[in-house]
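S.K.: Could you have a look at this structure, given as structure tokens, before my questions?
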Amino acid sequence: MTPGLQRMVAVTYVRDIDLSRAFYELLGFREQLSGRGPVSAWLALEQNGHSVLLATTQPPPDLPRLPLLFYFYLDDLDTVVATVRAAGQQAEHVGYPPHALGGEVRLADPDGNTILLGQAERAASQPPPPEHGSPHFSLLKEAADLVRARGASTPRCQVSSFNKKPCEENADVKLADSAGDTVWACLAHADEILVTVPAAFITSQSEGIAGFLSRRGY
């Protein structure tokens with residue numbers, strides 16, 4: 001018998017555990033358990049059966065300087081965002097992607113980690129999303145138009161859904177990241193990758209940045 005997952009806890013090291021607790025409480029989390037020692041402390045926060053564990057220690061552990069990403073799906077995004085902004089936190093609305101039809105908002109916790117808040121379905125009380133969409137999605141459409149204009153053949157989208165079902169859409173753009181990995185993706189999956197993967201970018205199939213700068217006379 002294959003063992004089954006019973007629960008998952010997201011854990012992050014923080015510099016100031018009290019400051020971080022105040023931030024996550026704005027998102028609806030509440031303290032469940034905590035502990036402190038001479039040089040360390042931990043705090044378990046819980047909301048509707050979902051947990052975030054904050055930990056701190058002195059001296060801080062030698063961790064890679066890579067941003068952590070938490071994605072929280074909410075049933076009332078607008079109310080939480082209003083609470084966050086009323087507390088003086090910046091929250092950037094990044095659009096209405098297919099996986100968050102009720103809207104998606106990006107903010108940072110006190111340690112600079114990326115926090116994405118999404119609402120899976122649009123509520124009847126919400127106004128319809130703007131027709132122009134989000135700025136990065138417009139850029140994706142422009143990149144896709146350039147690919148089609150060149151007449152180059154593109155593969156199917158190489159990004160699967162959460163249940164590992166292959167995407168049936170044709171690929172529109174090619175994405176890459178700083179590690180050198182690349183993937184062809186449809187517009188919807190490309191939009192999702194660019195929002196959730198900080199190091200991802202649209203990669204050109206032609207001359208790239210050097211050619212662009214040369215046309216500017218550099």
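Residue names in the structure tokens use chain letters A, B, ... in the order shown, residue numbers from 1 in each chain, and ligand numbers from 1 in the order shown.
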DSSP on the backbone, helix (DSSP H, G or I) only: what residues of region 7-172 of chain A does that give? Format it as a ChimeraX atom specification.
M.R.: /A:17-26,77-86,135-149
S.K.: Output the selection as a tab-separated table (two decimals), in the first residue's frame - C-alpha atoms for each residue.
M.R.:
chain	number	residue	atom	x	y	z
A	17	ILE	CA	8.98	36.43	13.91
A	18	ASP	CA	6.63	38.99	15.50
A	19	LEU	CA	6.66	41.20	12.41
A	20	SER	CA	5.99	38.18	10.19
A	21	ARG	CA	3.16	37.01	12.46
A	22	ALA	CA	1.44	40.39	12.09
A	23	PHE	CA	1.74	40.14	8.30
A	24	TYR	CA	0.26	36.65	8.03
A	25	GLU	CA	-2.52	37.55	10.43
A	26	LEU	CA	-3.62	40.14	7.83
A	77	LEU	CA	-9.92	38.27	-2.44
A	78	ASP	CA	-11.21	41.85	-2.39
A	79	THR	CA	-11.86	41.86	1.37
A	80	VAL	CA	-8.41	40.47	2.21
A	81	VAL	CA	-6.68	42.92	-0.13
A	82	ALA	CA	-8.57	45.82	1.44
A	83	THR	CA	-7.38	44.66	4.89
A	84	VAL	CA	-3.79	44.34	3.68
A	85	ARG	CA	-3.76	47.80	2.10
A	86	ALA	CA	-5.43	49.40	5.14
A	135	PRO	CA	-0.02	44.30	-18.96
A	136	HIS	CA	2.16	41.18	-19.04
A	137	PHE	CA	-0.59	39.26	-20.82
A	138	SER	CA	-0.70	41.95	-23.54
A	139	LEU	CA	3.04	41.47	-23.97
A	140	LEU	CA	2.47	37.73	-24.32
A	141	LYS	CA	-0.06	38.31	-27.08
A	142	GLU	CA	2.41	40.54	-28.91
A	143	ALA	CA	5.13	37.88	-28.64
A	144	ALA	CA	2.72	35.22	-29.91
A	145	ASP	CA	1.79	37.40	-32.90
A	146	LEU	CA	5.50	37.74	-33.79
A	147	VAL	CA	5.95	33.95	-33.69
A	148	ARG	CA	2.97	33.43	-35.98
A	149	ALA	CA	4.13	36.20	-38.33
S.K.: Fewer than 4 positions away in the same chain doesn't count, so skip those; otherwise give me all residues within 7 Å of Ile202 (chain A), counting only C-alpha atoms, as a list in words.
M.R.: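 Within the cut-off, the hits are Lys174, Leu175 and Ala176 of chain A.
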S.K.: Can you tell me, as a PyMOL selection string, which residues in region 14-184 of chain A count as strand (DSSP E or B) by DSSP?
M.R.: chain A and resi 30-36+40-47+50-57+69-73+92-95+104-108+114-118+156+170+173-176+182-184
S.K.: If we count only C-alpha atoms, what is near Phe70 (chain A) at a cut-off of 7 Å, once residues fewer than 4 positions away on the same chain are taken out, given as a PyMOL selection string?
M.R.: chain A and resi 114-116
S.K.: Env of Ser125 (chain A): 12 Å cut, atoms = only C-alpha atoms, seq-sep filter 2 positions within chain, self excluded. Answer as an NGL selection string.
M.R.: :A and (76-78 or 102 or 121-123 or 127-128)
S.K.: What's the separation between CA of Pro60 (chain A) and CA of Leu27 (chain A), in Å to one decimal place?
M.R.: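 Taking CA of Pro60 (chain A) and CA of Leu27 (chain A), their separation equals 25.6 Å.
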S.K.: Please, what distance in Å, to one decimal, runs between CA of Ala55 (chain A) and CA of Pro38 (chain A)?
M.R.: 13.4 Å
S.K.: Counting only C-alpha atoms, what is within 7 Å of Ala44 (chain A), bar same-chain residues fewer than 2 positions away, as an MDAnalysis selection string?
M.R.: chainID A and resid 31:34 42 46 51:54
S.K.: Go ahead and save the picked residues with N, CA and C atoms, as a PDB file, in the first residue's frame.
M.R.:
ATOM      1  N   GLU A  31      -2.399  32.334  15.337  1.00  0.00           N
ATOM      2  CA  GLU A  31      -1.416  31.519  16.045  1.00  0.00           C
ATOM      3  C   GLU A  31      -2.061  30.259  16.610  1.00  0.00           C
ATOM      4  N   GLN A  32      -1.385  29.142  16.380  1.00  0.00           N
ATOM      5  CA  GLN A  32      -1.850  27.860  16.883  1.00  0.00           C
ATOM      6  C   GLN A  32      -0.928  27.334  17.975  1.00  0.00           C
ATOM      7  N   LEU A  33       0.367  27.280  17.676  1.00  0.00           N
ATOM      8  CA  LEU A  33       1.374  26.828  18.634  1.00  0.00           C
ATOM      9  C   LEU A  33       2.620  27.676  18.444  1.00  0.00           C
ATOM     10  N   SER A  34       3.434  27.786  19.490  1.00  0.00           N
ATOM     11  CA  SER A  34       4.683  28.538  19.374  1.00  0.00           C
ATOM     12  C   SER A  34       5.674  28.038  20.408  1.00  0.00           C
ATOM     13  N   TRP A  42       9.885  29.526  17.043  1.00  0.00           N
ATOM     14  CA  TRP A  42       9.034  29.051  15.960  1.00  0.00           C
ATOM     15  C   TRP A  42       7.589  29.383  16.285  1.00  0.00           C
ATOM     16  N   GLU A  46      -2.378  28.974  11.618  1.00  0.00           N
ATOM     17  CA  GLU A  46      -3.349  28.076  10.991  1.00  0.00           C
ATOM     18  C   GLU A  46      -4.566  28.842  10.502  1.00  0.00           C
ATOM     19  N   SER A  51      -1.650  25.340   7.290  1.00  0.00           N
ATOM     20  CA  SER A  51      -0.678  25.843   8.260  1.00  0.00           C
ATOM     21  C   SER A  51       0.524  26.476   7.574  1.00  0.00           C
ATOM     22  N   VAL A  52       1.055  27.486   8.222  1.00  0.00           N
ATOM     23  CA  VAL A  52       2.333  28.099   7.859  1.00  0.00           C
ATOM     24  C   VAL A  52       3.180  28.121   9.115  1.00  0.00           C
ATOM     25  N   LEU A  53       4.402  27.621   9.033  1.00  0.00           N
ATOM     26  CA  LEU A  53       5.304  27.589  10.176  1.00  0.00           C
ATOM     27  C   LEU A  53       6.419  28.605   9.957  1.00  0.00           C
ATOM     28  N   LEU A  54       6.525  29.568  10.862  1.00  0.00           N
ATOM     29  CA  LEU A  54       7.595  30.563  10.824  1.00  0.00           C
ATOM     30  C   LEU A  54       8.685  30.147  11.803  1.00  0.00           C
TER      31      LEU A  54
END
S.K.: For the atom pair CA of Arg36 (chain A) and CA of Asn113 (chain A), what is the interatomic distance in Å to one decimal place?
M.R.: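 One can read the CA of Arg36 (chain A) to CA of Asn113 (chain A) distance as 23.2 Å.
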S.K.: Taking only C-alpha atoms into account, which of A:His189, A:Gly37, A:Lys165, A:His50 comes nearest Arg7 (chain A)?
M.R.: A:His50
S.K.: Looking at A:Val11, A:Leu43, A:Ala124, A:Cys186, which one is nearest to Pro98 (chain A), with distances taken over only C-alpha atoms?
M.R.: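 Closest to Pro98 (chain A), using only C-alpha atoms: A:Cys186.
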